[in-house]
$ cat target-v3.cif   # mmCIF, C-alpha atoms
data_data
loop_
_atom_site.label_atom_id
_atom_site.label_comp_id
_atom_site.auth_asym_id
_atom_site.auth_seq_id
_atom_site.Cartn_x
_atom_site.Cartn_y
_atom_site.Cartn_z
CA MET A 1179 138.26 40.65 224.58
CA PHE A 1180 134.89 41.39 226.16
CA GLN A 1181 134.69 44.74 224.38
CA GLN A 1182 135.50 43.10 221.04
CA ARG A 1183 132.75 40.47 221.53
CA ALA A 1184 130.28 43.15 222.60
CA ALA A 1185 131.09 45.18 219.50
CA MET A 1186 130.62 42.13 217.28
CA TYR A 1187 127.25 41.33 218.91
CA LEU A 1188 126.13 44.95 218.42
CA ILE A 1189 127.12 44.93 214.75
CA GLY A 1190 125.34 41.60 214.24
CA PHE A 1191 122.18 42.95 215.91
CA LEU A 1192 122.17 46.13 213.83
CA MET A 1193 122.51 44.11 210.65
CA THR A 1194 119.24 42.31 211.48
CA LEU A 1195 117.24 45.53 211.84
CA PRO A 1196 115.05 46.69 208.92
CA SER A 1197 116.76 49.52 207.11
CA ILE A 1198 115.60 51.95 204.46
CA SER A 1199 119.17 52.78 203.53
CA MET A 1200 122.69 52.05 204.71
CA ALA A 1201 123.41 55.76 204.39
CA ALA A 1202 122.23 58.24 207.00
CA THR A 1203 119.04 60.09 206.14
CA PRO A 1204 119.76 63.53 204.68
CA CYS A 1205 116.87 65.03 206.65
CA SER A 1206 117.57 66.47 210.09
CA ARG A 1207 114.48 64.89 211.68
CA PRO A 1208 111.14 63.17 210.95
CA PHE A 1209 108.42 65.47 209.60
CA ILE A 1210 104.93 65.81 211.08
CA VAL A 1211 102.10 65.42 208.57
CA ALA A 1212 98.56 66.58 209.35
CA ALA A 1213 96.21 63.61 208.89
CA SER A 1214 92.46 64.10 208.44
CA PRO A 1215 90.03 62.46 206.00
CA LEU A 1216 90.45 63.74 202.42
CA SER A 1217 88.44 61.30 200.32
CA ILE A 1218 90.70 58.73 198.66
CA PHE A 1219 93.75 60.93 199.20
CA MET A 1220 93.85 60.37 202.95
CA GLU A 1221 91.72 57.93 204.93
CA VAL A 1222 91.73 57.49 208.72
CA ASP A 1223 90.17 54.40 210.31
CA ASP A 1224 88.79 53.94 213.83
CA ALA A 1225 92.24 52.95 215.09
CA ASP A 1226 93.73 56.16 213.63
CA ARG A 1227 95.58 54.22 210.92
CA VAL A 1228 96.28 56.53 207.98
CA THR A 1229 96.08 55.20 204.42
CA GLY A 1230 95.40 56.59 200.95
CA VAL A 1231 97.09 58.19 197.97
CA VAL A 1232 99.08 60.72 200.01
CA PRO A 1233 100.56 58.20 202.51
CA ASP A 1234 101.44 55.86 199.62
CA PHE A 1235 103.19 58.73 197.85
CA LEU A 1236 105.07 59.78 201.00
CA ALA A 1237 106.23 56.18 201.38
CA GLU A 1238 107.82 56.52 197.95
CA ILE A 1239 109.55 59.71 199.08
CA THR A 1240 110.89 57.83 202.12
CA LYS A 1241 112.29 55.08 199.88
CA ALA A 1242 114.03 57.66 197.71
CA THR A 1243 115.44 59.89 200.45
CA GLY A 1244 115.32 58.06 203.78
CA CYS A 1245 113.33 60.97 205.22
CA GLN A 1246 110.59 59.90 207.64
CA PHE A 1247 107.00 61.14 208.03
CA ILE A 1248 104.90 60.95 211.19
CA TYR A 1249 101.11 61.32 210.96
CA GLU A 1250 99.13 63.27 213.55
CA VAL A 1251 95.41 62.54 213.27
CA MET A 1252 93.09 65.49 213.92
CA PRO A 1253 89.98 67.23 212.53
CA ARG A 1254 90.58 69.21 209.35
CA ILE A 1255 90.02 72.65 210.88
CA ARG A 1256 92.52 71.95 213.66
CA ALA A 1257 95.04 70.60 211.14
CA LEU A 1258 94.86 73.81 209.12
CA ARG A 1259 95.17 76.01 212.20
CA MET A 1260 98.13 74.02 213.55
CA PHE A 1261 99.86 74.21 210.19
CA GLU A 1262 99.33 77.96 210.01
CA SER A 1263 100.78 78.32 213.52
CA GLY A 1264 103.90 76.34 212.59
CA LYS A 1265 103.10 73.22 214.63
CA ILE A 1266 102.71 70.96 211.58
CA ASP A 1267 105.40 70.50 208.93
CA LEU A 1268 103.48 69.23 205.92
CA ILE A 1269 99.86 69.30 204.80
CA ALA A 1270 97.91 68.39 201.68
CA ALA A 1271 95.52 71.28 201.02
CA SER A 1272 93.95 73.57 198.48
CA ARG A 1273 95.99 76.62 197.52
CA THR A 1274 95.18 79.93 199.21
CA ALA A 1275 96.99 83.26 199.56
CA THR A 1276 97.07 82.84 203.35
CA ARG A 1277 98.96 79.55 203.11
CA ASP A 1278 101.24 80.86 200.36
CA ALA A 1279 102.46 83.53 202.79
CA ILE A 1280 103.69 81.02 205.37
CA ALA A 1281 104.67 77.96 203.34
CA ASP A 1282 106.14 76.71 200.08
CA TYR A 1283 103.64 75.05 197.75
CA ILE A 1284 103.82 72.34 195.09
CA ASN A 1285 100.72 71.91 192.95
CA VAL A 1286 99.30 68.46 192.19
CA ILE A 1287 95.72 68.68 190.86
CA SER A 1288 93.06 71.12 189.70
CA GLU A 1289 89.32 70.63 189.96
CA GLN A 1290 86.10 72.54 189.30
CA PRO A 1291 83.95 72.87 192.46
CA SER A 1292 80.44 71.46 192.08
CA LEU A 1293 77.06 71.74 193.70
CA ILE A 1294 76.31 68.14 194.66
CA VAL A 1295 72.62 67.84 195.38
CA LEU A 1296 70.02 65.17 196.10
CA LYS A 1297 68.00 64.39 193.00
CA GLU A 1298 64.86 63.79 195.06
CA ARG A 1299 63.98 66.60 197.45
CA PRO A 1300 60.74 68.43 198.34
CA ASN A 1301 59.72 71.08 195.80
CA GLY A 1302 62.97 70.59 193.91
CA GLY A 1303 63.56 73.04 191.07
CA GLU A 1304 66.70 74.02 189.18
CA PRO A 1305 69.47 73.21 191.69
CA LEU A 1306 71.54 76.37 191.19
CA ASP A 1307 68.41 78.56 191.41
CA ASP A 1308 67.30 76.72 194.55
CA LEU A 1309 70.75 77.27 196.03
CA MET A 1310 70.75 81.03 195.55
CA GLN A 1311 67.11 81.35 196.67
CA GLY A 1312 67.92 79.66 199.98
CA LYS A 1313 65.81 76.58 199.26
CA LEU A 1314 68.62 74.08 199.88
CA THR A 1315 70.02 72.97 203.21
CA VAL A 1316 73.75 73.04 202.50
CA ASN A 1317 76.53 71.40 204.50
CA VAL A 1318 80.25 72.05 203.97
CA VAL A 1319 83.36 70.76 205.72
CA ARG A 1320 84.60 73.08 208.44
CA GLY A 1321 87.98 74.49 207.43
CA PHE A 1322 87.68 73.91 203.68
CA ASP A 1323 88.61 77.12 201.87
CA THR A 1324 89.11 77.44 198.13
CA GLY A 1325 89.36 81.21 197.94
CA PRO A 1326 87.41 84.48 198.23
CA GLU A 1327 84.60 83.53 195.84
CA TYR A 1328 83.89 80.39 197.86
CA ARG A 1329 83.93 82.31 201.15
CA GLU A 1330 81.60 84.96 199.70
CA LEU A 1331 79.11 82.31 198.56
CA LEU A 1332 79.14 80.65 202.00
CA ALA A 1333 78.55 84.03 203.65
CA LYS A 1334 75.42 84.54 201.50
CA LEU A 1335 74.12 81.07 202.36
CA ARG A 1336 74.82 81.66 206.04
CA GLN A 1337 72.71 84.82 205.94
CA LYS A 1338 69.84 82.71 204.66
CA ASN A 1339 70.32 80.26 207.56
CA GLN A 1340 70.82 77.44 205.07
CA LEU A 1341 74.45 76.58 205.83
CA GLU A 1342 76.01 74.24 208.38
CA ASP A 1343 79.70 73.47 208.91
CA VAL A 1344 80.44 69.84 209.75
CA LEU A 1345 83.47 67.72 210.61
CA ASP A 1346 84.06 65.84 207.34
CA THR A 1347 82.46 64.61 204.11
CA ASP A 1348 81.23 61.39 205.76
CA VAL A 1349 78.96 63.47 207.99
CA ILE A 1350 77.52 65.22 204.93
CA ALA A 1351 76.95 61.93 203.10
CA ARG A 1352 75.25 60.38 206.13
CA LYS A 1353 72.95 63.40 206.49
CA MET A 1354 72.09 63.26 202.79
CA LEU A 1355 71.21 59.59 203.13
CA GLU A 1356 68.93 60.48 206.05
CA LYS A 1357 67.43 63.45 204.09
CA ARG A 1358 68.74 65.93 206.67
CA CYS A 1359 70.89 67.76 204.13
CA ASP A 1360 70.11 68.66 200.51
CA ALA A 1361 73.48 69.61 199.08
CA THR A 1362 77.17 70.36 199.46
CA ILE A 1363 79.65 72.52 197.54
CA VAL A 1364 82.93 70.74 196.94
CA GLY A 1365 85.09 69.15 194.29
CA THR A 1366 83.46 65.87 193.28
CA ALA A 1367 86.70 63.94 193.79
CA THR A 1368 86.91 65.22 197.36
CA PHE A 1369 83.42 63.87 198.04
CA ALA A 1370 83.67 60.67 196.00
CA LYS A 1371 84.90 58.36 198.76
CA SER A 1372 81.97 59.31 201.01
CA ILE A 1373 79.54 58.92 198.09
CA GLU A 1374 80.80 55.40 197.56
CA LYS A 1375 80.85 54.56 201.27
CA PHE A 1376 77.17 55.49 201.72
CA ASN A 1377 76.06 54.17 198.29
CA LEU A 1378 74.80 57.59 197.18
CA ALA A 1379 75.97 57.76 193.56
CA SER A 1380 72.53 57.06 192.06
CA LYS A 1381 70.85 59.55 194.41
CA LEU A 1382 73.01 62.59 193.62
CA GLN A 1383 73.48 65.09 190.85
CA ALA A 1384 76.71 67.06 190.42
CA ILE A 1385 76.54 70.48 188.75
CA PRO A 1386 79.85 72.24 188.03
CA MET A 1387 79.80 75.73 189.56
CA GLU A 1388 81.46 77.88 186.91
CA SER A 1389 80.96 80.96 189.12
CA LEU A 1390 83.72 79.51 191.31
CA PRO A 1391 87.27 79.32 189.93
CA LEU A 1392 89.17 76.07 189.59
CA THR A 1393 90.62 74.89 192.87
CA TYR A 1394 94.27 73.91 192.98
CA SER A 1395 95.47 71.42 195.55
CA GLY A 1396 98.85 70.06 196.48
CA PHE A 1397 101.46 69.97 199.22
CA TYR A 1398 102.45 72.79 201.57
CA PHE A 1399 105.83 72.79 203.36
CA SER A 1400 106.01 75.01 206.44
CA LYS A 1401 108.61 77.80 206.29
CA THR A 1402 108.33 78.14 210.07
CA SER A 1403 108.94 74.60 211.25
CA ILE A 1404 111.10 73.05 208.51
CA LYS A 1405 114.72 74.09 208.10
CA GLU A 1406 115.46 75.55 204.67
CA LYS A 1407 117.91 72.76 203.80
CA ASP A 1408 115.32 70.09 204.62
CA ARG A 1409 112.57 71.99 202.82
CA LEU A 1410 114.57 72.35 199.62
CA LEU A 1411 115.58 68.69 199.68
CA LEU A 1412 111.98 67.53 200.18
CA MET A 1413 110.59 69.83 197.52
CA ALA A 1414 113.18 68.68 194.99
CA GLU A 1415 112.26 65.03 195.55
CA PHE A 1416 108.51 65.77 195.52
CA ASN A 1417 108.88 67.64 192.23
CA SER A 1418 110.93 64.83 190.71
CA SER A 1419 108.45 62.14 191.79
CA LEU A 1420 105.43 64.15 190.62
CA LYS A 1421 107.00 64.84 187.22
CA ALA A 1422 107.65 61.10 186.91
CA GLY A 1423 103.92 60.54 187.46
CA LYS A 1424 104.27 58.51 190.66
CA LEU A 1425 101.35 60.12 192.49
CA LYS A 1426 99.09 59.85 189.45
CA ASP A 1427 100.00 56.16 189.11
CA ILE A 1428 99.14 55.55 192.78
CA PHE A 1429 95.84 57.42 192.32
CA MET A 1430 94.84 55.47 189.20
CA LYS A 1431 95.49 52.12 190.92
CA ARG A 1432 93.28 53.11 193.85
CA VAL A 1433 90.34 54.43 191.80
CA LYS A 1434 90.18 51.47 189.43
CA ASN A 1435 86.58 50.18 189.38
CA MET A 1436 85.58 52.94 191.80
CA SER A 1437 83.25 55.93 191.65
CA GLU A 1438 82.86 57.84 188.40
CA PHE A 1439 82.94 61.03 190.48
CA TYR A 1440 86.74 61.06 190.20
CA HIS A 1441 86.62 62.11 186.54
CA SER A 1442 86.73 65.81 187.45
CA ILE A 1443 90.38 65.70 188.58
CA SER A 1444 93.11 67.03 186.30
CA PHE A 1445 96.71 66.28 187.26
CA GLU A 1446 99.08 69.21 186.90
CA LYS A 1447 102.81 68.98 186.23
CA PRO A 1448 104.88 70.86 188.86
#
$ encode --input "target-v3.cif" --output "structure tokens"
Amino acid sequence: MFQQRAAMYLIGFLMTLPSISMAATPCSRPFIVAASPLSIFMEVDDADRVTGVVPDFLAEITKATGCQFIYEVMPRIRALRMFESGKIDLIAASRTATRDAIADYINVISEQPSLIVLKERPNGGEPLDDLMQGKLTVNVVRGFDTGPEYRELLAKLRQKNQLEDVLDTDVIARKMLEKRCDATIVGTATFAKSIEKFNLASKLQAIPMESLPLTYSGFYFSKTSIKEKDRLLLMAEFNSSLKAGKLKDIFMKRVKNMSEFYHSISFEKP
């Protein structure tokens, strides 16, 4: 009798718990997602709460599959290194050959990198000429890598002692506001949240850098840390949700009445 009552109490208790699905999750475990500031796509507050387009999209994946995602907050460069060493399961990042070798990739957006420069600066000439002549103090986010052309350009700027790597785009925006940095090289959408945060839109000029190829960004799924069965299941649901336009819908709701710097993004079908 006692065992029957105990069983009934347990069933009653379990029925009161929040549940994403009555069926067991098809994934073998929760997946670790690298979390570092990525403009509107991923925002991290002072309490390490993670919000943005990517977390909203992953919440939709959880609703559809029951699979869970756990965010680990860290600087961007550490996130990339931990992913490449197989200690992170999932990361939102630009596409590179190095990452293609160790992970499966699903494309989401393309964007033309830009030189984003202060309109008012001492002895300011043509921005692209000033850049190549070493007249601009340029800051970029440590760990950002959009391919060999980008790395080659940074190497040239570093030789001129005009380049500094910093933690994130907020640091660059703050330094621009304080006139301690003239320019950055990045997709405008990636920088837009920081532009808005520091009220810099009227102070900046964005020049598309056609010498740099389009950057492609999306989701990488680690081949090292995620079992093949889990990886294939996740990728199938991601592809289905992206084709249905769910991420684009989330993005458009978040950018409504926000910075015009988001116009450079083009959404790609998987």
$ resolve_selection --input "target-v3.cif" --expression "the PyMOL selection byres ((chain A and resi 1344) around 7)" --output "list in words"
Asn1317, Val1318, Val1319, Arg1320, Glu1342, Asp1343, Leu1345, Asp1346 and Val1349 of chain A
$ residues_around --input "target-v3.cif" --residues "A:Gln1246" --least-positions-apart "4" --cutoff "8 Å" --atoms "all atoms listed in the file" --output "VMD selection string"
chain A and resid 1207 to 1209 1240
$ resolve_selection --input "target-v3.cif" --expression "the PyMOL selection byres ((chain A and resi 1395) around 8)" --output "list of chain:residue names"
A:Ala1270, A:Ala1271, A:Ser1272, A:Arg1273, A:Asn1285, A:Val1286, A:Ile1287, A:Ser1288, A:Thr1393, A:Tyr1394, A:Gly1396, A:Phe1397
$ residues_around --input "target-v3.cif" --residues "stretch 1353-1358 of chain A" --least-positions-apart "3" --cutoff "12 Å" --atoms "all atoms listed in the file" --output "MDAnalysis selection string"
chainID A and resid 1294:1300 1314:1318 1340 1342 1344 1346:1350 1361:1362 1372:1382
$ resolve_selection --input "target-v3.cif" --expression "the PyMOL selection byres ((chain A and resi 1261) around 12)" --output "ChimeraX atom specification"
/A:1210-1213,1250,1252,1254-1260,1262-1271,1276-1278,1280-1281,1397-1404
$ closest_residue --input "target-v3.cif" --among "A:Cys1205, A:Cys1245, A:Val1251, A:Leu1331" --to "A:Thr1229" --atoms "all atoms listed in the file"
A:Val1251
$ atom_distance --input "target-v3.cif" --atom1 "atom CA of A:Glu1221" --atom2 "atom CA of A:Val1364"
17.5 Å
$ closest_residue --input "target-v3.cif" --among "A:Ser1206, A:Arg1336, A:Lys1424, A:Ala1367" --to "A:Gly1244" --atoms "all atoms listed in the file"
A:Ser1206
$ residues_around --input "target-v3.cif" --residues "A:Leu1390" --least-positions-apart "4" --cutoff "7 Å" --atoms "only C-alpha atoms" --output "MDAnalysis selection string"
chainID A and resid 1291 1327:1328
$ closest_residue --input "target-v3.cif" --among "A:Thr1203, A:Glu1289, A:Thr1368, A:Leu1309" --to "A:Ile1239" --atoms "only C-alpha atoms"
A:Thr1203
$ atom_distance --input "target-v3.cif" --atom1 "atom CA of A:Cys1359" --atom2 "atom CA of A:Met1310"
15.8 Å
$ axis_aligned_box --input "target-v3.cif" --around "stretch 1201-1218 of chain A" --padding-each-side "5 Å" --output "lines of an AutoDock Vina configuration file"
center_x = 105.9
center_y = 61.2
center_z = 205.2
size_x = 45.0
size_y = 20.8
size_z = 23.0
